[in-house]
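To be precise, the following lines are run_3.txt, and they hold compact mmCIF, C-alpha atoms and all ligand atoms.
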# COMPACT_ATOMS: atom_id res chain seq x y z
CA MET H 295 -5.45 13.48 28.89
CA VAL H 296 -7.32 10.25 29.64
CA LYS H 297 -10.76 10.13 28.05
CA LEU H 298 -13.29 8.61 30.41
CA THR H 299 -16.68 9.69 29.06
CA THR H 300 -18.21 10.29 25.65
CA GLY H 301 -18.12 14.02 26.46
CA ASP H 302 -14.31 13.75 26.45
CA LEU H 303 -14.34 12.76 22.77
CA ALA H 304 -13.28 15.60 20.47
CA ILE H 305 -16.24 14.98 18.17
CA PHE H 306 -18.50 16.04 21.08
CA GLY H 307 -16.41 19.01 22.17
CA GLY H 308 -13.64 17.34 24.22
CA ALA H 309 -9.94 18.17 23.77
CA HIS H 310 -8.18 16.56 20.81
CA ALA H 311 -6.24 13.43 21.75
CA PHE H 312 -3.27 14.80 19.77
CA LEU H 313 -1.88 18.30 19.32
CA ARG H 314 -0.81 17.59 15.74
CA PRO H 315 -2.42 15.25 13.18
CA LEU H 316 -1.10 11.71 13.32
CA HIS H 317 -0.90 10.33 9.77
CA VAL H 318 -0.99 6.81 8.37
CA GLY H 319 1.81 7.64 5.99
CA SER H 320 4.11 10.11 7.76
CA PRO H 321 7.52 9.87 6.13
CA GLY H 322 9.97 7.93 8.30
CA ALA H 323 12.86 9.65 10.03
CA VAL H 324 16.07 9.72 7.99
CA ASP H 325 19.66 10.65 8.82
CA ARG H 326 19.54 14.21 7.46
CA GLY H 327 23.32 14.64 7.59
CA ARG H 328 23.75 11.62 5.33
CA LEU H 329 20.93 12.79 3.02
CA PHE H 330 22.45 16.27 2.61
CA GLU H 331 25.88 14.70 2.05
CA ARG H 332 24.45 12.63 -0.80
CA LEU H 333 22.61 15.62 -2.28
CA ASP H 334 25.79 17.71 -2.06
CA TRP H 335 27.71 14.94 -3.73
CA ALA H 336 25.15 14.76 -6.59
CA LEU H 337 25.32 18.53 -7.09
CA ASP H 338 29.12 18.42 -7.17
CA ASN H 339 28.96 15.51 -9.57
CA GLN H 340 26.76 17.59 -11.89
CA TRP H 341 24.74 14.57 -12.95
CA LEU H 342 21.15 14.80 -11.69
CA SER H 343 19.17 12.19 -13.64
CA ASN H 344 19.43 9.69 -16.53
CA GLY H 345 20.88 6.77 -14.62
CA GLY H 346 23.28 8.67 -12.34
CA PRO H 347 25.58 6.94 -9.83
CA LEU H 348 23.13 7.23 -6.90
CA VAL H 349 20.38 5.57 -8.94
CA VAL H 350 22.79 2.81 -9.97
CA GLU H 351 23.78 2.28 -6.32
CA PHE H 352 20.13 2.26 -5.24
CA GLU H 353 19.24 -0.31 -7.91
CA ALA H 354 22.05 -2.62 -6.76
CA ARG H 355 20.92 -2.40 -3.13
CA ILE H 356 17.24 -2.98 -4.00
CA ALA H 357 18.09 -5.98 -6.19
CA GLU H 358 20.11 -7.43 -3.31
CA LEU H 359 17.32 -6.82 -0.78
CA ALA H 360 14.76 -8.30 -3.19
CA GLY H 361 16.95 -11.34 -3.89
CA VAL H 362 16.87 -10.90 -7.68
CA ARG H 363 19.36 -9.94 -10.40
CA HIS H 364 17.80 -6.67 -11.56
CA ALA H 365 16.12 -3.62 -10.10
CA VAL H 366 15.01 -0.94 -12.56
CA ALA H 367 14.38 2.25 -10.59
CA THR H 368 11.53 4.49 -11.75
CA CYS H 369 9.90 7.82 -10.94
CA ASN H 370 7.05 6.03 -9.10
CA ALA H 371 5.33 2.64 -8.92
CA THR H 372 2.38 3.62 -11.12
CA VAL H 373 4.63 4.38 -14.09
CA ALA H 374 6.60 1.22 -13.27
CA LEU H 375 3.41 -0.86 -13.60
CA GLN H 376 2.57 0.84 -16.90
CA MET H 377 6.07 0.18 -18.24
CA LEU H 378 5.86 -3.44 -17.12
CA CYS H 379 2.54 -3.96 -18.96
CA HIS H 380 4.25 -2.75 -22.15
CA ALA H 381 7.45 -4.71 -21.57
CA LEU H 382 5.46 -7.92 -21.11
CA ASP H 383 3.60 -7.14 -24.38
CA LEU H 384 0.20 -7.58 -22.73
CA SER H 385 -3.08 -7.11 -24.55
CA GLY H 386 -6.80 -7.51 -23.83
CA GLU H 387 -7.65 -8.36 -20.22
CA VAL H 388 -5.61 -8.51 -17.02
CA ILE H 389 -7.01 -10.33 -14.00
CA MET H 390 -6.44 -8.53 -10.69
CA PRO H 391 -8.07 -7.93 -7.30
CA SER H 392 -10.34 -4.93 -6.84
CA LEU H 393 -9.36 -4.47 -3.19
CA THR H 394 -6.24 -2.40 -3.85
CA PHE H 395 -5.20 1.20 -4.44
CA ALA H 396 -6.61 2.66 -7.68
CA ALA H 397 -3.09 2.79 -9.14
CA THR H 398 -3.09 -0.98 -9.71
CA ALA H 399 -6.10 -0.88 -12.03
CA HIS H 400 -5.42 2.57 -13.47
CA ALA H 401 -1.90 1.58 -14.57
CA ALA H 402 -3.31 -1.26 -16.69
CA ARG H 403 -6.14 0.91 -17.99
CA TRP H 404 -3.72 3.72 -18.91
CA VAL H 405 -1.91 1.41 -21.32
CA GLY H 406 -5.15 0.21 -22.93
CA LEU H 407 -5.73 -3.00 -20.96
CA ASP H 408 -9.03 -4.05 -19.48
CA PRO H 409 -8.89 -4.93 -15.74
CA VAL H 410 -10.98 -7.97 -14.78
CA PHE H 411 -11.56 -7.89 -11.03
CA VAL H 412 -11.80 -10.99 -8.87
CA ASP H 413 -12.85 -11.37 -5.27
CA VAL H 414 -10.61 -11.86 -2.24
CA ASP H 415 -10.35 -14.19 0.70
CA PRO H 416 -12.81 -12.85 3.33
CA LEU H 417 -10.27 -12.99 6.17
CA THR H 418 -6.96 -12.05 4.59
CA GLY H 419 -8.29 -9.69 1.89
CA GLN H 420 -5.90 -11.28 -0.61
CA MET H 421 -6.88 -12.26 -4.16
CA ASP H 422 -8.53 -15.71 -4.44
CA PRO H 423 -6.56 -17.87 -6.93
CA ALA H 424 -9.51 -20.19 -7.65
CA LEU H 425 -11.55 -17.15 -8.73
CA ALA H 426 -8.60 -15.93 -10.80
CA ALA H 427 -8.66 -19.27 -12.65
CA GLU H 428 -12.43 -18.95 -13.22
CA ALA H 429 -11.98 -15.44 -14.63
CA VAL H 430 -9.62 -16.56 -17.41
CA GLY H 431 -11.19 -15.96 -20.82
CA PRO H 432 -10.12 -15.80 -24.46
CA LEU H 433 -8.89 -12.19 -24.08
CA THR H 434 -6.88 -12.71 -20.89
CA SER H 435 -3.15 -12.08 -21.25
CA ALA H 436 -1.99 -11.82 -17.64
CA ILE H 437 -2.63 -12.03 -13.92
CA LEU H 438 -1.58 -9.11 -11.75
CA GLY H 439 -1.28 -10.18 -8.09
CA VAL H 440 -1.21 -7.61 -5.29
CA HIS H 441 0.51 -8.14 -1.94
CA LEU H 442 -2.12 -6.10 -0.15
CA TRP H 443 -1.06 -4.16 2.99
CA GLY H 444 2.33 -5.97 2.92
CA ARG H 445 0.64 -9.31 3.64
CA THR H 446 1.54 -11.66 0.81
CA CYS H 447 -1.06 -12.89 -1.66
CA PRO H 448 -1.11 -16.60 -2.60
CA ALA H 449 1.64 -16.22 -5.19
CA PRO H 450 2.49 -19.95 -5.66
CA GLU H 451 -1.16 -20.73 -6.42
CA LEU H 452 -1.30 -17.80 -8.84
CA GLU H 453 1.88 -19.13 -10.49
CA LYS H 454 0.06 -22.42 -11.09
CA VAL H 455 -3.01 -20.69 -12.58
CA ALA H 456 -0.80 -18.61 -14.87
CA ALA H 457 1.22 -21.66 -15.98
CA ASP H 458 -1.93 -23.77 -16.58
CA HIS H 459 -3.38 -21.08 -18.87
CA GLY H 460 -0.17 -19.79 -20.47
CA LEU H 461 -0.57 -16.32 -18.94
CA ALA H 462 1.98 -13.74 -17.85
CA LEU H 463 2.14 -13.20 -14.09
CA PHE H 464 3.44 -10.10 -12.34
CA PHE H 465 2.96 -8.48 -8.96
CA ASP H 466 2.11 -5.13 -7.48
CA ALA H 467 4.40 -5.30 -4.45
CA ALA H 468 4.08 -1.57 -3.65
CA HIS H 469 3.50 -2.47 0.03
CA ALA H 470 5.76 -5.51 0.24
CA ILE H 471 9.43 -4.58 0.16
CA GLY H 472 11.45 -6.97 2.33
CA CYS H 473 8.57 -9.50 2.64
CA THR H 474 8.84 -13.24 2.10
CA LEU H 475 6.41 -16.06 1.42
CA GLY H 476 7.37 -19.61 2.31
CA GLY H 477 10.86 -18.25 2.91
CA ARG H 478 11.05 -16.95 -0.69
CA PRO H 479 11.42 -13.19 -1.28
CA VAL H 480 8.21 -11.77 -2.81
CA ALA H 481 10.19 -10.65 -5.86
CA SER H 482 10.98 -14.26 -6.78
CA PHE H 483 7.38 -14.91 -7.91
CA GLY H 484 6.16 -14.27 -11.45
CA SER H 485 8.05 -12.40 -14.16
CA ALA H 486 8.53 -9.23 -12.13
CA SER H 487 7.30 -7.22 -9.14
CA VAL H 488 6.91 -3.50 -8.52
CA PHE H 489 7.86 -1.64 -5.33
CA SER H 490 6.78 1.88 -4.40
CA PHE H 491 9.04 4.43 -2.70
CA HIS H 492 6.36 7.07 -2.17
CA PRO H 493 6.89 9.13 1.03
CA THR H 494 4.20 7.07 2.75
CA LYS H 495 6.15 3.84 2.23
CA VAL H 496 8.68 2.19 4.52
CA VAL H 497 11.44 3.03 2.02
CA ALA H 498 10.72 6.55 0.77
CA GLY H 499 12.37 8.38 -2.09
CA PHE H 500 10.29 11.60 -2.18
CA GLU H 501 8.62 9.73 -5.07
CA GLY H 502 9.98 6.53 -6.57
CA GLY H 503 9.45 2.97 -7.64
CA ALA H 504 11.35 -0.06 -8.93
CA ILE H 505 10.67 -3.10 -11.02
CA VAL H 506 12.56 -6.14 -9.77
CA THR H 507 13.12 -9.23 -11.91
CA ASP H 508 15.45 -12.13 -12.63
CA ASP H 509 14.72 -11.91 -16.35
CA ASP H 510 17.71 -10.30 -18.13
CA ALA H 511 15.82 -9.58 -21.36
CA LEU H 512 12.84 -8.08 -19.52
CA ALA H 513 15.16 -5.84 -17.47
CA GLY H 514 16.81 -4.66 -20.71
CA ARG H 515 13.43 -3.82 -22.28
CA LEU H 516 12.37 -1.95 -19.14
CA ARG H 517 15.58 0.12 -19.06
CA SER H 518 14.97 1.11 -22.66
CA LEU H 519 11.25 1.88 -22.18
CA ARG H 520 12.12 3.99 -19.11
CA ASP H 521 14.37 6.21 -21.20
CA PHE H 522 12.29 7.06 -24.30
CA GLY H 523 13.00 3.68 -25.92
CA LYS H 524 16.74 4.39 -26.23
CA GLY H 525 19.17 1.52 -26.75
CA ALA H 526 16.54 -1.10 -27.61
CA GLN H 527 17.60 -4.14 -29.66
CA ALA H 528 14.27 -3.80 -31.48
CA ALA H 529 11.91 -0.83 -31.24
CA HIS H 530 8.94 -1.43 -28.93
CA PRO H 531 5.48 -0.58 -30.34
CA ALA H 532 4.91 1.70 -27.31
CA GLY H 533 8.06 3.68 -28.16
CA GLY H 534 9.09 4.68 -24.67
CA THR H 535 8.40 7.04 -21.82
CA ASN H 536 10.21 9.07 -19.22
CA GLY H 537 10.06 6.81 -16.17
CA LYS H 538 13.48 7.70 -14.75
CA MET H 539 14.33 8.20 -11.09
CA SER H 540 16.27 11.38 -10.34
CA GLU H 541 19.50 11.53 -8.31
CA ALA H 542 17.68 13.56 -5.61
CA ALA H 543 15.05 10.82 -5.26
CA ALA H 544 17.80 8.18 -5.16
CA ALA H 545 19.67 10.16 -2.46
CA MET H 546 16.53 10.16 -0.33
CA ALA H 547 15.67 6.53 -1.11
CA LEU H 548 19.21 5.35 -0.29
CA THR H 549 19.15 7.23 3.01
CA SER H 550 15.73 5.82 3.84
CA LEU H 551 17.00 2.36 2.89
CA ASP H 552 19.92 2.78 5.34
CA GLY H 553 17.28 2.92 8.09
CA PHE H 554 15.11 0.11 6.72
CA ALA H 555 15.87 -2.49 9.41
CA GLY H 556 15.26 0.07 12.17
CA ALA H 557 11.99 1.22 10.58
CA VAL H 558 10.75 -2.37 10.27
CA ALA H 559 11.66 -3.06 13.92
CA HIS H 560 9.76 0.10 14.96
CA ASN H 561 6.73 -0.91 12.84
CA ARG H 562 6.82 -4.44 14.27
CA SER H 563 6.82 -3.05 17.80
CA ASN H 564 3.95 -0.68 16.86
CA PHE H 565 2.00 -3.61 15.50
CA ALA H 566 2.49 -5.50 18.78
CA ALA H 567 1.33 -2.39 20.68
CA TYR H 568 -1.84 -2.23 18.59
CA ALA H 569 -2.42 -5.97 19.11
CA ALA H 570 -2.19 -5.48 22.88
CA GLY H 571 -4.23 -2.25 22.89
CA LEU H 572 -7.06 -3.62 20.75
CA GLU H 573 -7.26 -6.95 22.57
CA GLY H 574 -10.83 -7.77 23.56
CA ILE H 575 -12.54 -4.77 21.89
CA PRO H 576 -15.69 -6.34 20.42
CA GLY H 577 -16.06 -6.01 16.65
CA VAL H 578 -12.53 -4.64 16.08
CA ARG H 579 -10.29 -7.21 14.42
CA LEU H 580 -6.63 -6.47 13.78
CA VAL H 581 -5.75 -8.05 10.42
CA PRO H 582 -2.82 -10.29 11.39
CA HIS H 583 0.64 -10.80 9.93
CA ASP H 584 2.22 -14.20 9.41
CA ALA H 585 4.98 -13.86 12.01
CA SER H 586 6.90 -16.81 10.51
CA GLN H 587 7.58 -14.70 7.38
CA ALA H 588 9.60 -11.52 6.91
CA ARG H 589 7.25 -8.54 7.00
CA ASN H 590 7.74 -4.75 6.96
CA TYR H 591 4.61 -4.06 9.09
CA GLN H 592 4.03 -0.71 7.33
CA TYR H 593 0.23 -0.96 7.36
CA VAL H 594 -1.84 -1.59 10.49
CA ILE H 595 -5.30 -2.63 9.30
CA ILE H 596 -8.39 -3.17 11.41
CA GLU H 597 -11.73 -4.57 10.32
CA VAL H 598 -14.74 -3.06 12.08
CA GLU H 599 -17.83 -5.24 12.35
CA GLU H 600 -20.66 -2.83 13.19
CA SER H 601 -23.02 -5.47 14.60
CA ALA H 602 -20.44 -6.35 17.28
CA ALA H 603 -18.76 -2.95 17.78
CA GLY H 604 -22.02 -0.97 17.89
CA VAL H 605 -20.47 1.63 15.59
CA GLY H 606 -19.58 1.32 11.94
CA ARG H 607 -16.25 2.02 10.24
CA ASP H 608 -17.32 5.42 8.88
CA LEU H 609 -18.41 6.81 12.25
CA LEU H 610 -15.26 5.44 13.86
CA LEU H 611 -13.22 7.19 11.16
CA GLU H 612 -15.03 10.48 11.85
CA ILE H 613 -14.41 10.11 15.60
CA LEU H 614 -10.72 9.31 15.11
CA ARG H 615 -10.21 12.23 12.73
CA ALA H 616 -11.80 14.59 15.26
CA GLU H 617 -9.08 13.38 17.65
CA ARG H 618 -6.51 14.18 14.88
CA VAL H 619 -5.89 10.51 14.22
CA MET H 620 -5.87 10.63 10.42
CA ALA H 621 -6.81 6.99 9.76
CA LYS H 622 -7.49 6.03 6.13
CA PRO H 623 -10.13 3.63 4.74
CA TYR H 624 -7.65 1.58 2.67
CA PHE H 625 -9.14 0.59 0.29
CA SER H 626 -12.58 2.03 0.03
CA PRO H 627 -14.11 2.36 -2.48
CA ALA H 628 -12.63 -0.76 -4.06
CA CYS H 629 -11.50 -0.35 -7.67
CA HIS H 630 -14.62 -1.85 -9.27
CA GLN H 631 -16.71 0.69 -7.31
CA LEU H 632 -14.73 3.55 -8.89
CA GLU H 633 -15.06 5.16 -12.28
CA PRO H 634 -14.27 4.28 -14.99
CA TYR H 635 -14.80 0.65 -13.95
CA ARG H 636 -18.17 1.13 -12.18
CA SER H 637 -19.97 2.05 -15.38
CA GLY H 638 -18.50 -0.85 -17.34
CA ARG H 639 -18.78 -4.54 -16.71
CA LEU H 640 -20.68 -5.72 -13.61
CA PHE H 641 -18.48 -7.49 -11.03
CA ARG H 642 -19.94 -9.47 -8.14
CA LEU H 643 -17.33 -9.23 -5.38
CA PRO H 644 -19.13 -9.71 -2.04
CA HIS H 645 -16.02 -10.22 0.12
CA THR H 646 -14.30 -7.20 -1.44
CA GLU H 647 -17.36 -5.01 -0.87
CA ARG H 648 -17.77 -6.18 2.71
CA LEU H 649 -14.10 -5.50 3.52
CA ALA H 650 -14.10 -2.17 1.65
CA GLY H 651 -16.92 -1.08 3.97
CA ARG H 652 -15.11 -2.19 7.11
CA VAL H 653 -11.35 -1.68 6.88
CA LEU H 654 -9.33 1.13 8.34
CA ALA H 655 -5.57 1.78 8.28
CA LEU H 656 -4.26 3.21 11.56
CA PRO H 657 -1.16 5.43 11.92
CA THR H 658 2.19 3.72 12.24
CA GLY H 659 5.79 4.33 11.20
CA THR H 660 8.71 5.89 13.04
CA ALA H 661 6.73 9.08 13.73
CA VAL H 662 4.23 7.09 15.82
CA SER H 663 5.13 6.07 19.37
CA ARG H 664 3.77 3.29 21.56
CA GLU H 665 2.26 5.95 23.84
CA SER H 666 0.32 7.41 20.84
CA ILE H 667 -0.92 3.93 19.99
CA ARG H 668 -2.09 3.42 23.56
CA ARG H 669 -4.11 6.64 23.28
CA ILE H 670 -5.62 5.64 19.92
CA CYS H 671 -6.63 2.24 21.31
CA ASP H 672 -8.11 3.87 24.42
CA VAL H 673 -10.32 6.06 22.19
CA LEU H 674 -11.47 2.99 20.24
CA ARG H 675 -12.18 1.09 23.45
CA LEU H 676 -14.17 4.00 24.92
CA VAL H 677 -16.23 4.41 21.74
CA VAL H 678 -17.07 0.71 21.46
CA SER H 679 -17.84 0.34 25.18
CA ARG H 680 -20.24 3.34 25.01
CA SER H 681 -21.43 2.72 21.45
CA ASP H 682 -25.14 3.34 22.19
CA GLU H 683 -24.46 6.68 23.82
CA VAL H 684 -21.94 7.64 21.11
CA THR H 685 -24.40 6.84 18.32
CA CYS H 686 -27.21 8.70 20.06
CA ARG H 687 -25.11 11.84 20.63
CA TRP H 688 -23.78 11.70 17.08
CA ARG H 689 -27.34 11.50 15.67
CA GLN H 690 -28.43 14.45 17.84
CA ARG H 691 -25.41 16.43 16.69
CA LYS H 692 -26.16 15.63 13.06
CA GLY H 693 -29.81 16.53 13.58
CA ARG H 694 -28.81 19.91 15.02
CA ALA H 695 -26.40 20.54 12.15
CA ALA H 696 -29.05 19.71 9.50
N1 LIG G 1 -0.07 -0.12 -5.89
C1 LIG G 1 -0.51 -0.02 -4.63
C2 LIG G 1 -1.11 -1.23 -4.01
C3 LIG G 1 -0.40 1.17 -3.92
O1 LIG G 1 -0.86 1.27 -2.65
C4 LIG G 1 0.18 2.29 -4.55
C5 LIG G 1 0.31 3.56 -3.84
C6 LIG G 1 0.65 2.15 -5.86
C7 LIG G 1 0.50 0.93 -6.51
C8 LIG G 1 1.27 3.27 -6.60
O2 LIG G 1 2.46 3.72 -5.98
P1 LIG G 1 3.09 5.18 -6.36
O3 LIG G 1 2.85 5.43 -7.83
O4 LIG G 1 2.42 6.19 -5.48
O5 LIG G 1 4.56 5.01 -6.07
C9 LIG G 1 -1.22 7.22 -0.74
C10 LIG G 1 0.03 7.28 -1.60
O6 LIG G 1 0.05 8.47 -2.37
C11 LIG G 1 0.17 6.10 -2.52
O7 LIG G 1 1.52 6.06 -2.94
C12 LIG G 1 -0.14 4.79 -1.79
N2 LIG G 1 -0.11 3.66 -2.65
C13 LIG G 1 -1.50 4.89 -1.14
C14 LIG G 1 -1.83 3.62 -0.37
O8 LIG G 1 -1.47 5.95 -0.20
P2 LIG G 1 -3.42 8.61 -0.80
O9 LIG G 1 -4.30 9.05 -1.90
O10 LIG G 1 -4.05 7.94 0.35
O11 LIG G 1 -2.47 9.80 -0.37
P3 LIG G 1 -2.60 10.92 0.75
O12 LIG G 1 -2.14 12.16 0.16
O13 LIG G 1 -3.94 10.91 1.37
O14 LIG G 1 -1.50 10.46 1.80
C15 LIG G 1 -1.69 9.37 2.63
C16 LIG G 1 -1.37 9.73 4.07
O15 LIG G 1 0.00 10.03 4.21
C17 LIG G 1 -2.12 10.93 4.58
O16 LIG G 1 -2.56 10.61 5.87
C18 LIG G 1 -1.09 12.05 4.60
C19 LIG G 1 0.22 11.32 4.80
N3 LIG G 1 1.37 11.96 4.15
C20 LIG G 1 1.43 11.97 2.79
C21 LIG G 1 2.50 12.52 2.15
C22 LIG G 1 2.57 12.57 0.64
C23 LIG G 1 2.38 12.49 4.92
O17 LIG G 1 2.27 12.49 6.17
N4 LIG G 1 3.47 13.03 4.29
C24 LIG G 1 3.58 13.07 2.94
O18 LIG G 1 4.62 13.54 2.42
O19 LIG G 1 -2.33 7.65 -1.46
As structure tokens, please, write out the structure in this file.
Amino acid sequence: MVKLTTGDLAIFGGAHAFLRPLHVGSPGAVDRGRLFERLDWALDNQWLSNGGPLVVEFEARIAELAGVRHAVATCNATVALQMLCHALDLSGEVIMPSLTFAATAHAARWVGLDPVFVDVDPLTGQMDPALAAEAVGPLTSAILGVHLWGRTCPAPELEKVAADHGLALFFDAAHAIGCTLGGRPVASFGSASVFSFHPTKVVAGFEGGAIVTDDDALAGRLRSLRDFGKGAQAAHPAGGTNGKMSEAAAAMALTSLDGFAGAVAHNRSNFAAYAAGLEGIPGVRLVPHDASQARNYQYVIIEVEESAAGVGRDLLLEILRAERVMAKPYFSPACHQLEPYRSGRLFRLPHTERLAGRVLALPTGTAVSRESIRRICDVLRLVVSRSDEVTCRWRQRKGRAA
């Protein structure tokens, strides 16, 4: 149904734009026949974890896709980041952006490190390397870059900062599988990078992660740490953990990986549909991709400027959710606005705070069609074009509810 008036919006009693909720992170379609074949094979093989053949195959394919020698598959990306902090023998402080999912900071915190947050570029939302350099102190042991939303952060500049100060450099590439920067695969920067294969990611393994690296010794330490410290040349002070990927997760991840190129093509076409649909809506900026680089397009991010749109991000989110468009405010609050960091050191991060109050991730992925995107954009256009009336009705509604 085409929505023509504010009364047609679901928040004011109109019909929902969608019969079923449309999620940001709906798992992509996979070839179920192939998935069940792999699961059957694993059951027949009677080897369900601890570096089984499907995990080994998955690691080889991820290393190839990432353009590096090693992929160490893990149960998820959070544990992968924790293992990497130990394997790099970090201590004290780690410099990172605050505009990221909590897992980035929590992983460092979990292993006893102190995250030091730096601000981001106001347009791209990516960590500012000059501020990373300024944040280096006597306790700093590493810089953790994040390729936020699958857009790449300024990795070469971060490499220079790390080299100038003798720091370790590694990357949270949870969003960035298959992405390049200056023609180089993201995994070629720093000592290592971490991918996520959570169901909401473009390659999904039920749960899953991988650390990719060209460093043979680091890969060896990670394999040992992942499996309770077994097989280490020298015992690690952290002992070890259980960070292994199961054969079932590898079966799913391999099957999802089979469809990677198709999923990226679908996401790219969705991104183009959003770009066309949002064109000219005042105050709604689609955060762009660098089309000259390989991208997986798995996150569609808009920035809502209330003074131009007439409605703020939070009201827009409420309106979209009423329509069953389950947009997500990635990433709000930013990490430094969350406990346990909020009650600790004071960070002044104006660009991060501004973006955290304005950004919204919109549904994409193979479950989202161009027609659905057209409908989402039409809702946004209607709301912004009638923003005074929308705000007035919303206030009245709130007043009645209070
Ligand atoms: N670093 C970064 C930068 C990250 O973004 C993440 C995770 C990590 C590290 C750590 O990776 P992992 O340890 O998870 O491998 C979701 C995901 O759980 C999380 O993996 C992801 N980033 C983050 C950006 O998004 P939430 O708290 O927003 O999850 P939730 O449950 O609200 O799900 C997100 C959307 O996906 C919802 O709209 C529902 C939908 N969904 C979710 C699942 C699980 C589905 O449609 N189907 C599903 O099976 O964190």
Using all atoms listed in the file, which residues have at least one atom no more than 7 Å from ligand LIG 1 (chain G)? Output them as a PDB file with C-alpha atoms, keeping the file's coordinate frame.
ATOM      1  CA  HIS H 317      -0.900  10.330   9.770  1.00  0.00           C
ATOM      2  CA  VAL H 318      -0.990   6.810   8.370  1.00  0.00           C
ATOM      3  CA  GLY H 319       1.810   7.640   5.990  1.00  0.00           C
ATOM      4  CA  SER H 320       4.110  10.110   7.760  1.00  0.00           C
ATOM      5  CA  PRO H 321       7.520   9.870   6.130  1.00  0.00           C
ATOM      6  CA  ASN H 370       7.050   6.030  -9.100  1.00  0.00           C
ATOM      7  CA  ALA H 371       5.330   2.640  -8.920  1.00  0.00           C
ATOM      8  CA  THR H 372       2.380   3.620 -11.120  1.00  0.00           C
ATOM      9  CA  VAL H 373       4.630   4.380 -14.090  1.00  0.00           C
ATOM     10  CA  THR H 394      -6.240  -2.400  -3.850  1.00  0.00           C
ATOM     11  CA  PHE H 395      -5.200   1.200  -4.440  1.00  0.00           C
ATOM     12  CA  ALA H 397      -3.090   2.790  -9.140  1.00  0.00           C
ATOM     13  CA  THR H 398      -3.090  -0.980  -9.710  1.00  0.00           C
ATOM     14  CA  VAL H 440      -1.210  -7.610  -5.290  1.00  0.00           C
ATOM     15  CA  LEU H 442      -2.120  -6.100  -0.150  1.00  0.00           C
ATOM     16  CA  ASP H 466       2.110  -5.130  -7.480  1.00  0.00           C
ATOM     17  CA  ALA H 467       4.400  -5.300  -4.450  1.00  0.00           C
ATOM     18  CA  ALA H 468       4.080  -1.570  -3.650  1.00  0.00           C
ATOM     19  CA  HIS H 469       3.500  -2.470   0.030  1.00  0.00           C
ATOM     20  CA  SER H 490       6.780   1.880  -4.400  1.00  0.00           C
ATOM     21  CA  PHE H 491       9.040   4.430  -2.700  1.00  0.00           C
ATOM     22  CA  HIS H 492       6.360   7.070  -2.170  1.00  0.00           C
ATOM     23  CA  PRO H 493       6.890   9.130   1.030  1.00  0.00           C
ATOM     24  CA  THR H 494       4.200   7.070   2.750  1.00  0.00           C
ATOM     25  CA  GLU H 501       8.620   9.730  -5.070  1.00  0.00           C
ATOM     26  CA  GLY H 502       9.980   6.530  -6.570  1.00  0.00           C
ATOM     27  CA  GLY H 503       9.450   2.970  -7.640  1.00  0.00           C
ATOM     28  CA  MET H 620      -5.870  10.630  10.420  1.00  0.00           C
ATOM     29  CA  ALA H 621      -6.810   6.990   9.760  1.00  0.00           C
ATOM     30  CA  LYS H 622      -7.490   6.030   6.130  1.00  0.00           C
ATOM     31  CA  TYR H 624      -7.650   1.580   2.670  1.00  0.00           C
TER      32      TYR H 624
END
Is it possible to get the residues within 10 Å of (-12.9, 0.1, -15.6) (coordinates as in the file, counting all atoms listed in the file) written as a CSV table (one decimal) with C-alpha atoms, in the frame of the given file?
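Here's the written file point10.csv:
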chain,number,residue,atom,x,y,z
H,399,ALA,CA,-6.1,-0.9,-12.0
H,400,HIS,CA,-5.4,2.6,-13.5
H,402,ALA,CA,-3.3,-1.3,-16.7
H,403,ARG,CA,-6.1,0.9,-18.0
H,407,LEU,CA,-5.7,-3.0,-21.0
H,408,ASP,CA,-9.0,-4.0,-19.5
H,409,PRO,CA,-8.9,-4.9,-15.7
H,410,VAL,CA,-11.0,-8.0,-14.8
H,411,PHE,CA,-11.6,-7.9,-11.0
H,629,CYS,CA,-11.5,-0.4,-7.7
H,630,HIS,CA,-14.6,-1.8,-9.3
H,631,GLN,CA,-16.7,0.7,-7.3
H,632,LEU,CA,-14.7,3.6,-8.9
H,633,GLU,CA,-15.1,5.2,-12.3
H,634,PRO,CA,-14.3,4.3,-15.0
H,635,TYR,CA,-14.8,0.6,-14.0
H,636,ARG,CA,-18.2,1.1,-12.2
H,637,SER,CA,-20.0,2.0,-15.4
H,638,GLY,CA,-18.5,-0.8,-17.3
H,639,ARG,CA,-18.8,-4.5,-16.7
H,640,LEU,CA,-20.7,-5.7,-13.6
Once you count only C-alpha atoms, what closest atom pair and distance in Å to one decimal does each residue of stretch 552-609 of chain H within 8 Å of stretch 659-664 of chain H have, with rows by chain and rising residue number, as JSON lines?
{"residue": "H:Ala557", "atom": "CA", "partner": "H:Thr660", "partner_atom": "CA", "distance": 6.2}
{"residue": "H:His560", "atom": "CA", "partner": "H:Thr660", "partner_atom": "CA", "distance": 6.2}
{"residue": "H:Asn561", "atom": "CA", "partner": "H:Gly659", "partner_atom": "CA", "distance": 5.6}
{"residue": "H:Ser563", "atom": "CA", "partner": "H:Arg664", "partner_atom": "CA", "distance": 8.0}
{"residue": "H:Asn564", "atom": "CA", "partner": "H:Arg664", "partner_atom": "CA", "distance": 6.2}
{"residue": "H:Ala567", "atom": "CA", "partner": "H:Arg664", "partner_atom": "CA", "distance": 6.2}
{"residue": "H:Gln592", "atom": "CA", "partner": "H:Gly659", "partner_atom": "CA", "distance": 6.6}
Separation of atom CA of H:Ser601 from atom CA of H:Trp688 in Å: 17.4 Å
Atomic distance atom CA of H:Gly327 - atom CA of H:Gly346, expressed in Å with one decimal: 20.8 Å
